[in-house]
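> Sending over a structure as structure tokens; questions will come in a sec.
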Amino acid sequence: MNAVAATVEAVADAAGRHVRALMTSLEQRLAELAADHGEVLARHGGDTIAAGGKRLRPLVVFVAAGGIPGDGGRALVRAAAAVELVHSATLVHDDILDAADLRRGRPTVVASAGRAMATATGDLLFSRAFAELARNERRDEVRALSVASTALARGELLQRAEAFDVGVTLERYLRRCELKTAALFQAACELGALEGGADETRVGELAAFGRRIGLAFQLLDDVLDVSGPPGRTGKRRGADLLDGTVTLPLILARERSDDVAAFDLREIGGPAEAEALCDAIEATGAAEDARRLALEMVNEASATLPPLPTAQLHALHLIADGVVDRYA
């Protein structure tokens, strides 16, 4: 069992039996949503959802709610499904842009069915997300997911605009991470809190928690790209560098090593050279310092959680710890 799966299990145990029941309902709903637009799109959409991960973001929705609302959790499941569908859609579109062959060990839609079908699949998943959330008839929820989806697109555009630009600053990098990753974690907390009946102050407090752990999640992803191992990440070390993505370890290493600072990402000839650059970055201690910064963010997220029921608070702490455990 990998670290994310272990976190999901631990959180489900800590938060109460209702969370495990909600996760089961979520899987059923996701399968239904993937299957109702024809056989071809159903196959590619279903494969994408299945390959999308261990449902960490929907889990955040359920825990942020603090319990099952009076409708038996149906609206809460719709909110969680919408978050997961947006996440899945971004994976499909990212794979198109990256020309990726594999996603979590499975062929990507673009590799197996081509760019047009992959684009249609991603578009379908996005549209199904908002159609599902709209059934809750809550403008505040649609607004929260819309803001996050816009941020995801802006973050991707920023990453593409800055590809191979080794002059990217720390501030610019963190802003990109907030847009590309933290925004959806924030929305997950907001949607759960809103469905759980939280007031505006509590929604804001939980949203801030989601934003911090989402940012730490991305920082640790970028550390893993440099330090691996491939058995944990599902890809070779330096895959992001090979794609021209400037990450925090590279930014820090450039300040410490003339050799790294002089390196042009466009000169990477293949995976072996990318791994050699990873070795040079690690030798400066930059990967470890990036990891330390991510841990500080996680600790800050946990420390600033508001007073909550014991089981809910414990579950949120476990989610924060799980972000770190992905690296351990």
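Chain labels run A, B, ... following the order of the structure tokens; each chain numbers its residues from 1, and ligands are numbered from 1 in the order shown.
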Give me, as number ranges by chain, the residues of range 63-246 of chain A that a backbone DSSP run labels strand (DSSP E or B).
A: 102-103, 106-107
> Quick one: everything within 6 Å of Ala182 in chain A, counting only C-alpha atoms, minus sequence neighbours fewer than 2 positions away in the same chain. Send it as a list in words.
Glu178, Leu184, Phe185, Arg211, Gly214 and Leu215 of chain A
> Show me, as a Markdown table, the residues of range 235-326 of chain A having an atom within 9 Å of range 152-168 of chain A, each with the closest atom pair and its distance in Å, using only C-alpha atoms.

| residue | atom | partner | partner_atom | distance |
| --- | --- | --- | --- | --- |
| A:Leu241 | CA | A:Phe164 | CA | 8.3 |
| A:Asp243 | CA | A:Ala163 | CA | 7.7 |
| A:Gly244 | CA | A:Phe164 | CA | 4.3 |
| A:Thr245 | CA | A:Ala163 | CA | 5.3 |
| A:Val246 | CA | A:Val166 | CA | 6.3 |
| A:Thr247 | CA | A:Val168 | CA | 8.9 |
| A:Leu250 | CA | A:Val166 | CA | 8.2 |
| A:Ile251 | CA | A:Val168 | CA | 7.5 |
| A:Arg254 | CA | A:Val166 | CA | 8.6 |
| A:Ala261 | CA | A:Val166 | CA | 8.2 |
| A:Phe263 | CA | A:Val166 | CA | 8.7 |
| A:Asp264 | CA | A:Val166 | CA | 7.5 |
| A:Leu265 | CA | A:Phe164 | CA | 5.6 |
| A:Arg266 | CA | A:Phe164 | CA | 6.5 |
> Write out, as a compact mmCIF listing (two decimals), in the first residue's frame, the residues just selected, with N, CA and C atoms.

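Saved to part_7.txt:
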# COMPACT_ATOMS: atom_id res chain seq x y z
N LEU A 241 12.14 18.33 -15.24
CA LEU A 241 13.25 19.13 -15.79
C LEU A 241 13.39 18.88 -17.29
N ASP A 243 11.07 18.23 -19.24
CA ASP A 243 9.95 18.92 -19.86
C ASP A 243 10.10 20.44 -19.80
N GLY A 244 11.17 20.90 -19.15
CA GLY A 244 11.41 22.34 -19.07
C GLY A 244 10.77 23.02 -17.88
N THR A 245 10.21 22.25 -16.95
CA THR A 245 9.55 22.83 -15.80
C THR A 245 10.58 23.18 -14.72
N VAL A 246 10.62 24.44 -14.35
CA VAL A 246 11.55 24.91 -13.33
C VAL A 246 10.89 24.71 -11.96
N THR A 247 11.54 23.94 -11.10
CA THR A 247 10.97 23.62 -9.79
C THR A 247 11.85 24.18 -8.67
N LEU A 250 15.60 23.15 -8.25
CA LEU A 250 16.47 23.77 -9.25
C LEU A 250 16.71 25.24 -8.92
N ILE A 251 15.68 25.96 -8.51
CA ILE A 251 15.83 27.38 -8.17
C ILE A 251 16.84 27.54 -7.04
N ARG A 254 20.53 26.55 -8.14
CA ARG A 254 21.18 27.54 -9.00
C ARG A 254 21.85 28.64 -8.17
N ALA A 261 23.86 26.58 -12.16
CA ALA A 261 23.39 27.88 -12.66
C ALA A 261 23.69 28.04 -14.14
N PHE A 263 23.62 25.72 -16.34
CA PHE A 263 22.98 24.68 -17.14
C PHE A 263 21.73 25.23 -17.83
N ASP A 264 21.62 24.95 -19.11
CA ASP A 264 20.46 25.32 -19.91
C ASP A 264 19.56 24.09 -20.05
N LEU A 265 18.32 24.19 -19.56
CA LEU A 265 17.42 23.04 -19.61
C LEU A 265 17.19 22.54 -21.03
N ARG A 266 17.32 23.43 -22.00
CA ARG A 266 17.12 23.01 -23.38
C ARG A 266 18.23 22.08 -23.86
> Check the smallest atom-to-atom distance from each of A:Leu295, A:Leu124, A:Ala64, A:Ala274 to Gly210 in chain A using only C-alpha atoms, then report the winner.
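Ranked by minimum distance to Gly210 in chain A, first place goes to A:Ala64.
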> Which residues are close to range 217-222 of chain A, i.e. within 9 Å by only C-alpha atoms, leaving aside same-chain residues fewer than 6 positions away? Reply as a list in words.
Leu174, Cys177, Glu178, Lys180, Thr181, Ala182, Thr233, Asp240, Thr247, Leu248, Pro249, Ala287, Ala290, Arg291, Leu293, Ala294, Leu295, Val298, Val323, Val324, Arg326 and Tyr327 of chain A
> Pull the helix (DSSP H, G or I) assignments for range 66-229 of chain A out of DSSP run on the backbone, and list those residues as number ranges by chain.
A: 74-98, 109-113, 115-134, 139-161, 170-195, 200-227
> Which residues, written as a list in words, have at least one atom at most 10 Å from His314 in chain A, with only C-alpha atoms counted and residues fewer than 2 positions away on the same chain left out?
Val11, Ala14, Ala15, Val63, Ser302, Leu308, Pro309, Thr310, Ala311, Gln312, Leu316, His317, Leu318, Ile319 and Ala320 of chain A
> For the residues in that selection, give me N, CA, C and O atoms as an mmCIF file, in the first residue's frame.

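Saved result, selection.cif, follows:
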data_model
loop_
_atom_site.group_PDB
_atom_site.id
_atom_site.type_symbol
_atom_site.label_atom_id
_atom_site.label_comp_id
_atom_site.auth_asym_id
_atom_site.auth_seq_id
_atom_site.Cartn_x
_atom_site.Cartn_y
_atom_site.Cartn_z
ATOM 1 N N VAL A 11 -7.305 8.056 7.633
ATOM 2 C CA VAL A 11 -8.258 9.153 7.813
ATOM 3 C C VAL A 11 -9.679 8.615 7.894
ATOM 4 O O VAL A 11 -10.478 9.051 8.731
ATOM 5 N N ALA A 14 -10.177 7.299 11.298
ATOM 6 C CA ALA A 14 -10.204 8.324 12.344
ATOM 7 C C ALA A 14 -11.464 9.174 12.303
ATOM 8 O O ALA A 14 -12.001 9.567 13.345
ATOM 9 N N ALA A 15 -11.953 9.477 11.104
ATOM 10 C CA ALA A 15 -13.067 10.412 10.968
ATOM 11 C C ALA A 15 -14.407 9.784 11.317
ATOM 12 O O ALA A 15 -15.368 10.494 11.629
ATOM 13 N N VAL A 63 -14.069 15.112 5.064
ATOM 14 C CA VAL A 63 -13.590 15.432 6.414
ATOM 15 C C VAL A 63 -13.891 16.883 6.766
ATOM 16 O O VAL A 63 -14.268 17.196 7.901
ATOM 17 N N SER A 302 -1.370 22.597 10.115
ATOM 18 C CA SER A 302 -1.920 21.891 11.272
ATOM 19 C C SER A 302 -2.060 22.808 12.476
ATOM 20 O O SER A 302 -3.051 22.733 13.213
ATOM 21 N N LEU A 308 -12.178 22.271 16.536
ATOM 22 C CA LEU A 308 -13.124 21.407 15.830
ATOM 23 C C LEU A 308 -13.396 20.174 16.683
ATOM 24 O O LEU A 308 -12.641 19.877 17.619
ATOM 25 N N PRO A 309 -14.451 19.429 16.381
ATOM 26 C CA PRO A 309 -14.660 18.156 17.079
ATOM 27 C C PRO A 309 -13.420 17.272 16.978
ATOM 28 O O PRO A 309 -12.709 17.275 15.969
ATOM 29 N N THR A 310 -13.178 16.510 18.031
ATOM 30 C CA THR A 310 -11.927 15.756 18.142
ATOM 31 C C THR A 310 -11.660 14.856 16.940
ATOM 32 O O THR A 310 -10.558 14.847 16.386
ATOM 33 N N ALA A 311 -12.657 14.084 16.515
ATOM 34 C CA ALA A 311 -12.444 13.150 15.405
ATOM 35 C C ALA A 311 -12.126 13.894 14.122
ATOM 36 O O ALA A 311 -11.236 13.493 13.351
ATOM 37 N N GLN A 312 -12.828 14.989 13.856
ATOM 38 C CA GLN A 312 -12.578 15.768 12.637
ATOM 39 C C GLN A 312 -11.189 16.385 12.664
ATOM 40 O O GLN A 312 -10.457 16.346 11.661
ATOM 41 N N LEU A 316 -8.062 15.671 10.047
ATOM 42 C CA LEU A 316 -7.386 16.720 9.277
ATOM 43 C C LEU A 316 -5.882 16.697 9.530
ATOM 44 O O LEU A 316 -5.081 16.904 8.604
ATOM 45 N N HIS A 317 -5.482 16.444 10.765
ATOM 46 C CA HIS A 317 -4.053 16.310 11.059
ATOM 47 C C HIS A 317 -3.452 15.132 10.291
ATOM 48 O O HIS A 317 -2.323 15.214 9.778
ATOM 49 N N LEU A 318 -4.192 14.040 10.197
ATOM 50 C CA LEU A 318 -3.712 12.880 9.451
ATOM 51 C C LEU A 318 -3.559 13.193 7.964
ATOM 52 O O LEU A 318 -2.626 12.713 7.312
ATOM 53 N N ILE A 319 -4.481 13.989 7.424
ATOM 54 C CA ILE A 319 -4.358 14.399 6.025
ATOM 55 C C ILE A 319 -3.089 15.207 5.824
ATOM 56 O O ILE A 319 -2.328 14.991 4.867
ATOM 57 N N ALA A 320 -2.838 16.149 6.736
ATOM 58 C CA ALA A 320 -1.609 16.945 6.642
ATOM 59 C C ALA A 320 -0.374 16.065 6.741
ATOM 60 O O ALA A 320 0.578 16.217 5.962
#
> Identify which of the residues A:Gly46, A:Ser127, A:Ala272, A:Arg138 lies closest to Arg236 in chain A, counting only C-alpha atoms when measuring atom-to-atom distances.
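Between A:Gly46, A:Ser127, A:Ala272, A:Arg138, the residue approaching Arg236 in chain A most closely is A:Ala272.
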> Could you work out how far CA of Ala5 in chain A lies from CA of Arg20 in chain A, giving the answer in Å with one decimal?
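Value for the CA of Arg20 in chain A-CA of Ala5 in chain A distance: 13.1 Å.
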> So, counting only C-alpha atoms, which residue among A:Leu76, A:Ile213, A:Ala118, A:Val226 is closest to Glu296 in chain A?
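Among A:Leu76, A:Ile213, A:Ala118, A:Val226, it is A:Ile213 that comes nearest to Glu296 in chain A.
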> Between A:Leu56, A:Cys278, A:Ala31, A:Val86, single out the one closest to Asp123 in chain A, counting only C-alpha atoms.
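Looking at the shortest contact to Asp123 in chain A, the residue is A:Val86.
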> From the options A:Arg103, A:His87, A:Arg135, A:His18, which residue's atoms come nearest to Gly122 in chain A, counting only C-alpha atoms?
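Ranked by minimum distance to Gly122 in chain A, first place goes to A:His87.
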> Please determine, counting only C-alpha atoms, which residue among A:Glu195, A:Val83, A:Gly114, A:Val203 has the shortest atom-to-atom distance to Ser149 in chain A.
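Comparing A:Glu195, A:Val83, A:Gly114, A:Val203 against Ser149 in chain A, the winner is A:Val83.
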> In Å, with one decimal, what is the gap from CA of His93 in chain A to CA of Lys54 in chain A?
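Distance between the two atoms: 19.3 Å.
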> At a cut-off of 12 Å, using only C-alpha atoms, what residues contact Glu137 in chain A? Leave out same-chain residues fewer than 5 positions from it and give the result as a list of chain:residue names.
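My list of contacting residues is A:Ala75, A:Arg78, A:Ala79, A:Phe130, A:Ala131, A:Glu132, A:Val142, A:Arg143, A:Glu195.
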> For the residues in the current selection, export all heavy atoms as a compact mmCIF listing (two decimals), in the first residue's frame.

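Printed below is result-v6.txt as written:
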# COMPACT_ATOMS: atom_id res chain seq x y z
N ALA A 75 -25.65 15.34 -1.39
CA ALA A 75 -25.06 16.57 -1.91
C ALA A 75 -23.56 16.60 -1.66
O ALA A 75 -22.78 17.10 -2.47
CB ALA A 75 -25.73 17.79 -1.28
N ARG A 78 -21.92 14.53 -4.25
CA ARG A 78 -21.86 15.26 -5.52
C ARG A 78 -20.71 16.26 -5.52
O ARG A 78 -20.01 16.42 -6.53
CB ARG A 78 -23.20 15.96 -5.79
CG ARG A 78 -24.31 15.02 -6.21
CD ARG A 78 -25.51 15.77 -6.78
NE ARG A 78 -26.25 16.47 -5.75
CZ ARG A 78 -27.32 15.98 -5.11
NH1 ARG A 78 -27.74 14.75 -5.37
NH2 ARG A 78 -27.96 16.72 -4.22
N ALA A 79 -20.51 16.96 -4.40
CA ALA A 79 -19.42 17.93 -4.31
C ALA A 79 -18.06 17.24 -4.43
O ALA A 79 -17.16 17.71 -5.13
CB ALA A 79 -19.51 18.70 -2.98
N PHE A 130 -19.14 20.13 -13.31
CA PHE A 130 -19.99 21.28 -13.00
C PHE A 130 -21.48 20.91 -13.09
O PHE A 130 -22.30 21.45 -12.34
CB PHE A 130 -19.63 22.46 -13.89
CG PHE A 130 -18.41 23.17 -13.41
CD1 PHE A 130 -17.16 22.85 -13.92
CD2 PHE A 130 -18.49 24.14 -12.43
CE1 PHE A 130 -16.02 23.48 -13.46
CE2 PHE A 130 -17.36 24.78 -11.95
CZ PHE A 130 -16.12 24.45 -12.47
N ALA A 131 -21.82 20.01 -14.00
CA ALA A 131 -23.21 19.56 -14.06
C ALA A 131 -23.59 18.84 -12.77
O ALA A 131 -24.70 19.02 -12.25
CB ALA A 131 -23.41 18.63 -15.26
N GLU A 132 -22.66 18.06 -12.25
CA GLU A 132 -22.92 17.34 -11.00
C GLU A 132 -23.06 18.30 -9.83
O GLU A 132 -23.98 18.20 -9.01
CB GLU A 132 -21.78 16.34 -10.74
CG GLU A 132 -21.95 15.48 -9.51
CD GLU A 132 -23.03 14.43 -9.65
OE1 GLU A 132 -23.73 14.39 -10.68
OE2 GLU A 132 -23.17 13.62 -8.71
N VAL A 142 -20.68 26.31 -6.59
CA VAL A 142 -20.26 26.43 -7.99
C VAL A 142 -19.19 27.51 -8.12
O VAL A 142 -18.21 27.34 -8.87
CB VAL A 142 -21.47 26.75 -8.89
CG1 VAL A 142 -21.01 27.05 -10.32
CG2 VAL A 142 -22.46 25.59 -8.90
N ARG A 143 -19.35 28.60 -7.38
CA ARG A 143 -18.35 29.67 -7.43
C ARG A 143 -17.00 29.17 -6.93
O ARG A 143 -15.96 29.46 -7.53
CB ARG A 143 -18.81 30.85 -6.58
CG ARG A 143 -17.86 32.05 -6.64
CD ARG A 143 -18.29 33.17 -5.71
NE ARG A 143 -19.63 33.63 -6.01
CZ ARG A 143 -20.67 33.50 -5.20
NH1 ARG A 143 -20.53 32.91 -4.01
NH2 ARG A 143 -21.85 33.96 -5.55
N GLU A 195 -21.07 22.40 2.68
CA GLU A 195 -22.08 21.36 2.82
C GLU A 195 -22.29 20.97 4.28
O GLU A 195 -23.37 20.52 4.67
CB GLU A 195 -21.70 20.12 2.00
CG GLU A 195 -22.14 20.18 0.57
CD GLU A 195 -23.65 20.33 0.42
OE1 GLU A 195 -24.41 19.76 1.24
OE2 GLU A 195 -24.09 21.02 -0.52
